[in-house]
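Following: one structure in structure tokens, then a few remarks.
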Amino acid sequence: MNENNNVFTLEDEPLATVVQNMRKGSKWLSAFLENYRPPLDGERYLTDREVAELLRVSRRTLQEYRNNRVLPFILLGGKVLYPESGLRELLEANYRKPIE
């Protein structure tokens, strides 16, 4: 309702415009999400900063892990990338259940 106690309907131009724009945006977002594929066959790659934050270790520790071949990584043009699936596999392989 507005200040004159009139009810807004979808026929009112401002409201109709807003609804139309929302529908367009919704269609665009649905199409985008349906067609979105992460790079390289669905594999997501993380930077050393992201991995250090996730594992709660320093970037220097990541360097040690790379040197000792603890973590899977790709060196591409001087940039280090870590495959997310490889990190997940490594964490699962080293998971220790609590003693009951």
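By order in the structure tokens, chains are A, B, ...; within a chain, residues start at 1; ligands start at 1, following the order shown.
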
Would you mind writing down, as a ChimeraX atom specification, each residue of chain A that DSSP on the backbone assigns to strand (DSSP E)?
-> /A:45-47,74-76,79-83

Just the selected residues (N, CA, C and O atoms), exported as an mmCIF file, in the first residue's frame, please.
data_model
loop_
_atom_site.group_PDB
_atom_site.id
_atom_site.type_symbol
_atom_site.label_atom_id
_atom_site.label_comp_id
_atom_site.auth_asym_id
_atom_site.auth_seq_id
_atom_site.Cartn_x
_atom_site.Cartn_y
_atom_site.Cartn_z
ATOM 1 N N TYR A 45 41.338 -26.150 -8.832
ATOM 2 C CA TYR A 45 42.714 -25.988 -8.375
ATOM 3 C C TYR A 45 42.808 -24.818 -7.422
ATOM 4 O O TYR A 45 42.205 -23.767 -7.647
ATOM 5 N N LEU A 46 43.560 -25.008 -6.354
ATOM 6 C CA LEU A 46 43.701 -23.991 -5.326
ATOM 7 C C LEU A 46 45.107 -23.414 -5.333
ATOM 8 O O LEU A 46 46.081 -24.112 -5.655
ATOM 9 N N THR A 47 45.220 -22.156 -4.943
ATOM 10 C CA THR A 47 46.536 -21.513 -4.831
ATOM 11 C C THR A 47 47.166 -21.888 -3.499
ATOM 12 O O THR A 47 46.495 -22.409 -2.594
ATOM 13 N N ILE A 74 50.825 -28.873 -9.046
ATOM 14 C CA ILE A 74 51.208 -28.612 -10.425
ATOM 15 C C ILE A 74 51.991 -27.312 -10.422
ATOM 16 O O ILE A 74 51.573 -26.336 -9.796
ATOM 17 N N LEU A 75 53.110 -27.297 -11.090
ATOM 18 C CA LEU A 75 53.892 -26.078 -11.240
ATOM 19 C C LEU A 75 53.706 -25.609 -12.674
ATOM 20 O O LEU A 75 54.111 -26.278 -13.618
ATOM 21 N N LEU A 76 53.064 -24.481 -12.838
ATOM 22 C CA LEU A 76 52.718 -23.976 -14.155
ATOM 23 C C LEU A 76 53.182 -22.534 -14.273
ATOM 24 O O LEU A 76 52.631 -21.643 -13.629
ATOM 25 N N LYS A 79 53.842 -20.716 -11.098
ATOM 26 C CA LYS A 79 52.727 -20.670 -10.152
ATOM 27 C C LYS A 79 52.397 -22.094 -9.721
ATOM 28 O O LYS A 79 52.311 -22.993 -10.544
ATOM 29 N N VAL A 80 52.200 -22.272 -8.427
ATOM 30 C CA VAL A 80 51.891 -23.584 -7.873
ATOM 31 C C VAL A 80 50.382 -23.693 -7.680
ATOM 32 O O VAL A 80 49.746 -22.813 -7.104
ATOM 33 N N LEU A 81 49.820 -24.785 -8.187
ATOM 34 C CA LEU A 81 48.394 -25.060 -8.035
ATOM 35 C C LEU A 81 48.223 -26.449 -7.439
ATOM 36 O O LEU A 81 48.958 -27.376 -7.775
ATOM 37 N N TYR A 82 47.235 -26.570 -6.570
ATOM 38 C CA TYR A 82 46.970 -27.832 -5.897
ATOM 39 C C TYR A 82 45.592 -28.340 -6.315
ATOM 40 O O TYR A 82 44.602 -27.626 -6.159
ATOM 41 N N PRO A 83 45.503 -29.568 -6.836
ATOM 42 C CA PRO A 83 44.182 -30.107 -7.186
ATOM 43 C C PRO A 83 43.389 -30.397 -5.908
ATOM 44 O O PRO A 83 43.877 -31.065 -4.997
#
